Amino acid sequence: MSQRPLTDLGWRPFFAAQVSPDESHACLPVRVMSVHRGMITVAGEDGFGAGSMIPSRLAQSSGEEDRPAVGDWLLIDRMTHDPVRILTRASLFKRRAPGGDHRLQLVAANVDTLFIVASCNQDFNTARLERYLVLAREAGVAPIVVLTKIDRIEAPDSAGTYADAARALQPGLRVELVNARDPASVARLAALCGPGETVALLGSSGVGKSTLVNTMRGSDSIATQAVRENDGKGRHTTTVRSMHRLAGGGWLMDTPGMREFQIVDAAEGLAEVFDDLAALTLECRFTNCSHGTEPGCAIRAAMAGGMLTPERLARWQKLVAEDADNTGHLARRLARAARTSKKA
């Protein structure tokens, strides 16, 4: 069994400070390495638990965010190995799950850097990149846009067009162009994932996330699949959220491709990604301006002056409405659950 300190898994003073002396005696801290249906794999100090599965259900659960996500730190009972509680997260990615019940789905926790992966083909989608940027800013995680499949572009110079379009989304946004199959091309990405650091990958199916993970790990153990020629879209090849160790000591967190990623509880992220629009709304004559026909609308004035495009305004309005709707449903569902709990 390999000897591995907790710091190799990403353990930091932020997490250690949350564990009381009594808990330290009765429990073990472990990190969630992968999430399956009803089960999780965990890893702890000195290789404890490596490859073993335990039930994901906590002894006491009080809400939709009170269940383990990949990357979480848990305290488990030293004797039974049952999960006791989740330590407060340094960051959390979440979305509204597909379907009509507005259920909350946890994607990843305790991430240091987010690779937003898109490909230089017809899958490239500005609106989708903005969604991921909103998630990163809401979670307080540094985003890096990784553009793949530069080796498959017929006109190599056109790769710069994709990069410019991504950089235009936010000042100072880092954008990397890579051939996901070439170790030399992805080496600079691996350098961003130092010992104990965690990098998550988010992107649609078929953009090359699994290929990127394989190349960065120097392994082809993760299944990959070709995209459809007619629309550049791929099938889901990653079905489990899981963490993979790099030779340099960092951790890559792979997630299933998500073509539908509805935001929820992301007001701060929206304000950061669309900070220009947020600032303009403060200049409108009326505080409840809908940016339609009201006089003194700063948003319409900015469009008339060429400082704002109708497309960016439409994307912002769509995301704001989506966030308000999903967050409202979430709040009402939590309130109902609280009332039910009190009656019980």
# chains A, B, ... in the order shown; residues from 1 in each chain; ligands from 1

$ closest_atom_pairs --of "region 44-126 of chain A" --to "region 180-190 of chain A" --cutoff "12 Å" --atoms "only C-alpha atoms" --output "tab-separated table"
residue	atom	partner	partner_atom	distance
A:Thr113	CA	A:Leu189	CA	10.8
A:Leu114	CA	A:Leu189	CA	11.2
A:Phe115	CA	A:Leu189	CA	9.1
A:Val117	CA	A:Ala180	CA	10.5
A:Ala118	CA	A:Ala180	CA	11.2
A:Ser119	CA	A:Ala180	CA	10.1
A:Cys120	CA	A:Ala180	CA	11.8

$ residues_around --residues "Glu272 (chain A)" --least-positions-apart "6" --cutoff "9 Å" --atoms "only C-alpha atoms" --output "JSON, numbers by chain"
{"A": [134, 137, 138, 278]}

$ write_last_selection --atoms "C-alpha atoms" --output "compact mmCIF listing (two decimals), in the first residue's frame"
# COMPACT_ATOMS: atom_id res chain seq x y z
CA VAL A 134 -20.40 32.33 -14.71
CA ARG A 137 -16.74 33.15 -11.05
CA GLU A 138 -19.60 32.13 -8.75
CA ALA A 278 -24.15 45.34 -14.40

$ atom_distance --atom1 "CA of Leu319 (chain A)" --atom2 "CA of Gln262 (chain A)"
8.6 Å

$ residues_around --residues "region 237-251 of chain A" --least-positions-apart "4" --cutoff "9 Å" --atoms "only C-alpha atoms" --output "NGL selection string"
:A and (8-10 or 32-36 or 69-71 or 107-108 or 190-200 or 205-206 or 209-210 or 213 or 216-218 or 222-225 or 255-257)

$ write_last_selection --atoms "N, CA and C atoms" --output "CSV table (one decimal), in the first residue's frame"
chain,number,residue,atom,x,y,z
A,8,ASP,N,-1.0,15.5,-0.1
A,8,ASP,CA,-0.9,15.0,-1.5
A,8,ASP,C,-2.3,15.0,-2.1
A,9,LEU,N,-3.4,14.8,-1.3
A,9,LEU,CA,-4.7,14.8,-1.8
A,9,LEU,C,-5.4,16.1,-1.8
A,10,GLY,N,-4.7,17.2,-1.3
A,10,GLY,CA,-5.2,18.5,-1.4
A,10,GLY,C,-5.7,19.0,0.0
A,32,VAL,N,-13.3,12.4,-1.6
A,32,VAL,CA,-14.1,11.7,-2.5
A,32,VAL,C,-13.4,11.7,-3.9
A,33,MET,N,-13.1,10.5,-4.3
A,33,MET,CA,-12.3,10.3,-5.6
A,33,MET,C,-13.3,10.1,-6.8
A,34,SER,N,-14.4,9.5,-6.5
A,34,SER,CA,-15.4,9.3,-7.6
A,34,SER,C,-16.8,9.2,-7.0
A,35,VAL,N,-17.8,9.5,-7.8
A,35,VAL,CA,-19.2,9.4,-7.4
A,35,VAL,C,-19.9,8.5,-8.3
A,36,HIS,N,-20.6,7.5,-7.7
A,36,HIS,CA,-21.4,6.5,-8.5
A,36,HIS,C,-22.8,6.6,-7.9
A,69,ALA,N,-19.9,15.2,-3.2
A,69,ALA,CA,-19.6,15.4,-4.6
A,69,ALA,C,-18.1,15.1,-4.8
A,70,VAL,N,-17.7,14.8,-6.0
A,70,VAL,CA,-16.3,14.4,-6.3
A,70,VAL,C,-15.5,15.6,-5.9
A,71,GLY,N,-14.4,15.4,-5.1
A,71,GLY,CA,-13.5,16.4,-4.6
A,71,GLY,C,-13.8,16.8,-3.2
A,107,VAL,N,-21.7,19.1,-9.1
A,107,VAL,CA,-20.8,18.6,-10.1
A,107,VAL,C,-19.4,18.4,-9.6
A,108,ALA,N,-18.9,19.3,-8.8
A,108,ALA,CA,-17.5,19.1,-8.3
A,108,ALA,C,-17.3,20.1,-7.2
A,190,ALA,N,-0.4,20.8,-17.8
A,190,ALA,CA,0.0,19.9,-16.7
A,190,ALA,C,0.8,20.7,-15.6
A,191,ALA,N,1.5,21.7,-16.1
A,191,ALA,CA,2.3,22.6,-15.2
A,191,ALA,C,1.4,23.4,-14.3
A,192,LEU,N,0.2,23.6,-14.7
A,192,LEU,CA,-0.8,24.4,-13.8
A,192,LEU,C,-1.4,23.5,-12.7
A,193,CYS,N,-1.1,22.3,-12.7
A,193,CYS,CA,-1.7,21.3,-11.7
A,193,CYS,C,-0.6,20.7,-10.9
A,194,GLY,N,-0.1,21.5,-9.9
A,194,GLY,CA,1.0,21.1,-9.1
A,194,GLY,C,0.6,20.2,-8.0
A,195,PRO,N,1.5,19.8,-7.1
A,195,PRO,CA,1.2,18.9,-6.0
A,195,PRO,C,0.1,19.3,-5.1
A,196,GLY,N,-0.9,18.5,-5.0
A,196,GLY,CA,-2.1,18.8,-4.2
A,196,GLY,C,-3.1,19.7,-4.8
A,197,GLU,N,-2.8,20.2,-6.0
A,197,GLU,CA,-3.8,21.1,-6.7
A,197,GLU,C,-4.8,20.3,-7.4
A,198,THR,N,-6.0,20.8,-7.6
A,198,THR,CA,-7.1,20.1,-8.3
A,198,THR,C,-7.6,21.0,-9.4
A,199,VAL,N,-7.6,20.4,-10.6
A,199,VAL,CA,-8.1,21.0,-11.8
A,199,VAL,C,-9.3,20.3,-12.3
A,200,ALA,N,-10.4,20.9,-12.5
A,200,ALA,CA,-11.6,20.3,-13.1
A,200,ALA,C,-11.7,20.6,-14.6
A,205,SER,N,-19.8,17.0,-24.6
A,205,SER,CA,-19.3,15.7,-25.1
A,205,SER,C,-18.6,15.9,-26.5
A,206,GLY,N,-17.5,15.2,-26.6
A,206,GLY,CA,-16.9,15.3,-27.9
A,206,GLY,C,-15.8,16.3,-28.1
A,209,LYS,N,-12.2,16.1,-23.8
A,209,LYS,CA,-11.8,16.1,-22.4
A,209,LYS,C,-11.1,14.8,-22.0
A,210,SER,N,-11.7,13.7,-22.4
A,210,SER,CA,-11.1,12.4,-22.0
A,210,SER,C,-9.7,12.2,-22.7
A,213,VAL,N,-7.3,14.3,-20.7
A,213,VAL,CA,-6.9,13.7,-19.4
A,213,VAL,C,-6.0,12.6,-19.7
A,216,MET,N,-2.5,14.0,-20.5
A,216,MET,CA,-1.8,14.6,-19.4
A,216,MET,C,-1.4,13.6,-18.4
A,217,ARG,N,-2.1,12.5,-18.3
A,217,ARG,CA,-1.7,11.4,-17.4
A,217,ARG,C,-0.7,10.4,-18.0
A,218,GLY,N,-0.5,10.5,-19.3
A,218,GLY,CA,0.4,9.5,-20.0
A,218,GLY,C,-0.2,8.2,-20.0
A,222,ILE,N,-8.8,5.9,-20.1
A,222,ILE,CA,-10.2,6.5,-20.2
A,222,ILE,C,-10.7,6.4,-21.6
A,223,ALA,N,-11.9,5.9,-21.8
A,223,ALA,CA,-12.4,5.7,-23.1
A,223,ALA,C,-12.7,7.0,-23.8
A,224,THR,N,-12.4,7.0,-25.1
A,224,THR,CA,-12.7,8.2,-25.9
A,224,THR,C,-13.6,7.7,-27.1
A,225,GLN,N,-14.2,8.7,-27.7
A,225,GLN,CA,-15.1,8.3,-28.8
A,225,GLN,C,-15.1,9.4,-29.9
A,255,THR,N,-15.4,15.2,-15.8
A,255,THR,CA,-16.8,15.2,-15.6
A,255,THR,C,-17.5,14.8,-16.9
A,256,PRO,N,-18.7,14.2,-16.8
A,256,PRO,CA,-19.4,13.8,-18.1
A,256,PRO,C,-19.7,15.1,-18.9
A,257,GLY,N,-19.7,14.9,-20.2
A,257,GLY,CA,-20.1,16.0,-21.1
A,257,GLY,C,-21.5,16.5,-20.8

$ select_by_dssp --residues "region 82-246 of chain A" --states "strand (DSSP E)" --output "ChimeraX atom specification"
/A:83-86,92-96,104-109,113-119,142-148,174-177,198-202,241-245

$ write_last_selection --atoms "N, CA and C atoms" --output "short mmCIF file (atom, residue, chain, number, x, y, z; two decimals), in the first residue's frame"
data_model
loop_
_atom_site.label_atom_id
_atom_site.label_comp_id
_atom_site.auth_asym_id
_atom_site.auth_seq_id
_atom_site.Cartn_x
_atom_site.Cartn_y
_atom_site.Cartn_z
N PRO A 83 -19.93 7.51 6.26
CA PRO A 83 -19.75 8.97 6.21
C PRO A 83 -20.47 9.64 7.38
N VAL A 84 -19.81 10.60 8.01
CA VAL A 84 -20.39 11.33 9.13
C VAL A 84 -20.83 12.72 8.69
N ARG A 85 -19.92 13.48 8.10
CA ARG A 85 -20.30 14.80 7.61
C ARG A 85 -19.33 15.28 6.54
N ILE A 86 -19.79 16.24 5.75
CA ILE A 86 -18.97 16.87 4.71
C ILE A 86 -18.35 18.13 5.29
N LEU A 92 -17.57 25.09 -4.95
CA LEU A 92 -18.57 24.10 -5.36
C LEU A 92 -19.16 24.49 -6.70
N PHE A 93 -19.17 23.54 -7.62
CA PHE A 93 -19.86 23.71 -8.90
C PHE A 93 -21.17 22.94 -8.84
N LYS A 94 -22.25 23.60 -9.23
CA LYS A 94 -23.56 22.96 -9.21
C LYS A 94 -24.38 23.47 -10.38
N ARG A 95 -25.41 22.72 -10.72
CA ARG A 95 -26.30 23.12 -11.81
C ARG A 95 -27.70 22.61 -11.52
N ARG A 96 -28.66 23.12 -12.28
CA ARG A 96 -29.99 22.55 -12.24
C ARG A 96 -29.98 21.31 -13.11
N LEU A 104 -31.38 20.06 -7.78
CA LEU A 104 -30.01 20.57 -7.79
C LEU A 104 -29.04 19.41 -7.97
N GLN A 105 -28.07 19.57 -8.85
CA GLN A 105 -27.07 18.54 -9.08
C GLN A 105 -25.69 19.11 -8.76
N LEU A 106 -24.96 18.43 -7.89
CA LEU A 106 -23.61 18.85 -7.55
C LEU A 106 -22.62 18.25 -8.54
N VAL A 107 -21.75 19.08 -9.07
CA VAL A 107 -20.83 18.64 -10.12
C VAL A 107 -19.44 18.35 -9.58
N ALA A 108 -18.86 19.27 -8.80
CA ALA A 108 -17.50 19.10 -8.31
C ALA A 108 -17.26 20.06 -7.15
N ALA A 109 -16.38 19.65 -6.23
CA ALA A 109 -16.10 20.47 -5.05
C ALA A 109 -14.60 20.64 -4.86
N THR A 113 -8.61 25.21 -10.04
CA THR A 113 -8.60 25.80 -11.38
C THR A 113 -9.60 25.04 -12.24
N LEU A 114 -10.30 25.77 -13.10
CA LEU A 114 -11.27 25.15 -14.01
C LEU A 114 -10.77 25.26 -15.45
N PHE A 115 -10.63 24.13 -16.12
CA PHE A 115 -10.37 24.12 -17.55
C PHE A 115 -11.73 24.05 -18.26
N ILE A 116 -12.10 25.11 -18.94
CA ILE A 116 -13.31 25.12 -19.76
C ILE A 116 -12.90 24.66 -21.15
N VAL A 117 -13.29 23.44 -21.50
CA VAL A 117 -12.79 22.82 -22.73
C VAL A 117 -13.81 22.97 -23.86
N ALA A 118 -13.35 23.50 -24.98
CA ALA A 118 -14.17 23.63 -26.19
C ALA A 118 -13.27 23.28 -27.38
N SER A 119 -13.87 22.94 -28.48
CA SER A 119 -13.09 22.53 -29.65
C SER A 119 -13.20 23.54 -30.78
N ALA A 142 -10.43 30.06 -10.56
CA ALA A 142 -9.80 30.67 -11.74
C ALA A 142 -10.12 29.85 -12.99
N PRO A 143 -10.71 30.46 -14.03
CA PRO A 143 -11.01 29.72 -15.26
C PRO A 143 -9.92 29.88 -16.31
N ILE A 144 -9.71 28.82 -17.06
CA ILE A 144 -8.83 28.85 -18.24
C ILE A 144 -9.59 28.16 -19.37
N VAL A 145 -9.74 28.85 -20.49
CA VAL A 145 -10.40 28.24 -21.65
C VAL A 145 -9.36 27.45 -22.43
N VAL A 146 -9.64 26.16 -22.63
CA VAL A 146 -8.74 25.27 -23.37
C VAL A 146 -9.43 24.90 -24.68
N LEU A 147 -8.85 25.35 -25.78
CA LEU A 147 -9.41 25.07 -27.11
C LEU A 147 -8.64 23.91 -27.74
N THR A 148 -9.37 22.83 -28.03
CA THR A 148 -8.76 21.61 -28.54
C THR A 148 -8.97 21.46 -30.05
N ARG A 174 -7.54 33.82 -19.67
CA ARG A 174 -6.47 33.01 -20.26
C ARG A 174 -7.07 31.96 -21.21
N VAL A 175 -6.52 31.88 -22.41
CA VAL A 175 -6.99 30.94 -23.42
C VAL A 175 -5.78 30.16 -23.93
N GLU A 176 -5.90 28.83 -23.94
CA GLU A 176 -4.83 27.96 -24.42
C GLU A 176 -5.32 27.14 -25.60
N LEU A 177 -4.54 27.12 -26.68
CA LEU A 177 -4.82 26.29 -27.85
C LEU A 177 -3.95 25.04 -27.78
N THR A 198 -6.01 20.81 -7.57
CA THR A 198 -7.09 20.12 -8.27
C THR A 198 -7.59 20.97 -9.42
N VAL A 199 -7.58 20.39 -10.61
CA VAL A 199 -8.08 21.05 -11.82
C VAL A 199 -9.28 20.25 -12.32
N ALA A 200 -10.40 20.91 -12.53
CA ALA A 200 -11.58 20.25 -13.09
C ALA A 200 -11.73 20.61 -14.55
N LEU A 201 -12.28 19.70 -15.33
CA LEU A 201 -12.55 19.93 -16.74
C LEU A 201 -14.06 19.92 -16.96
N LEU A 202 -14.56 20.97 -17.60
CA LEU A 202 -15.97 21.04 -17.97
C LEU A 202 -16.06 21.33 -19.46
N ARG A 241 -18.11 10.97 -12.45
CA ARG A 241 -17.23 12.07 -12.04
C ARG A 241 -16.10 11.48 -11.22
N SER A 242 -14.86 11.71 -11.64
CA SER A 242 -13.75 11.05 -10.96
C SER A 242 -12.49 11.90 -11.03
N MET A 243 -11.55 11.61 -10.12
CA MET A 243 -10.29 12.32 -10.03
C MET A 243 -9.15 11.41 -10.48
N HIS A 244 -8.19 12.00 -11.20
CA HIS A 244 -7.07 11.24 -11.74
C HIS A 244 -5.77 11.94 -11.36
N ARG A 245 -4.81 11.20 -10.85
CA ARG A 245 -3.56 11.78 -10.38
C ARG A 245 -2.58 11.96 -11.53
#

$ atom_distance --atom1 "CA of Thr7 (chain A)" --atom2 "CA of Asp77 (chain A)"
20.3 Å

$ residues_around --residues "Gln317 (chain A)" --least-positions-apart "2" --cutoff "12 Å" --atoms "only C-alpha atoms" --output "VMD selection string"
chain A and resid 127 270 to 271 274 277 to 278 290 to 292 299 310 to 315 319 to 324

$ select_by_dssp --residues "region 117-200 of chain A" --states "helix (DSSP H, G or I)" --output "PyMOL selection string"
chain A and resi 126-139+150-152+156-167+183-190
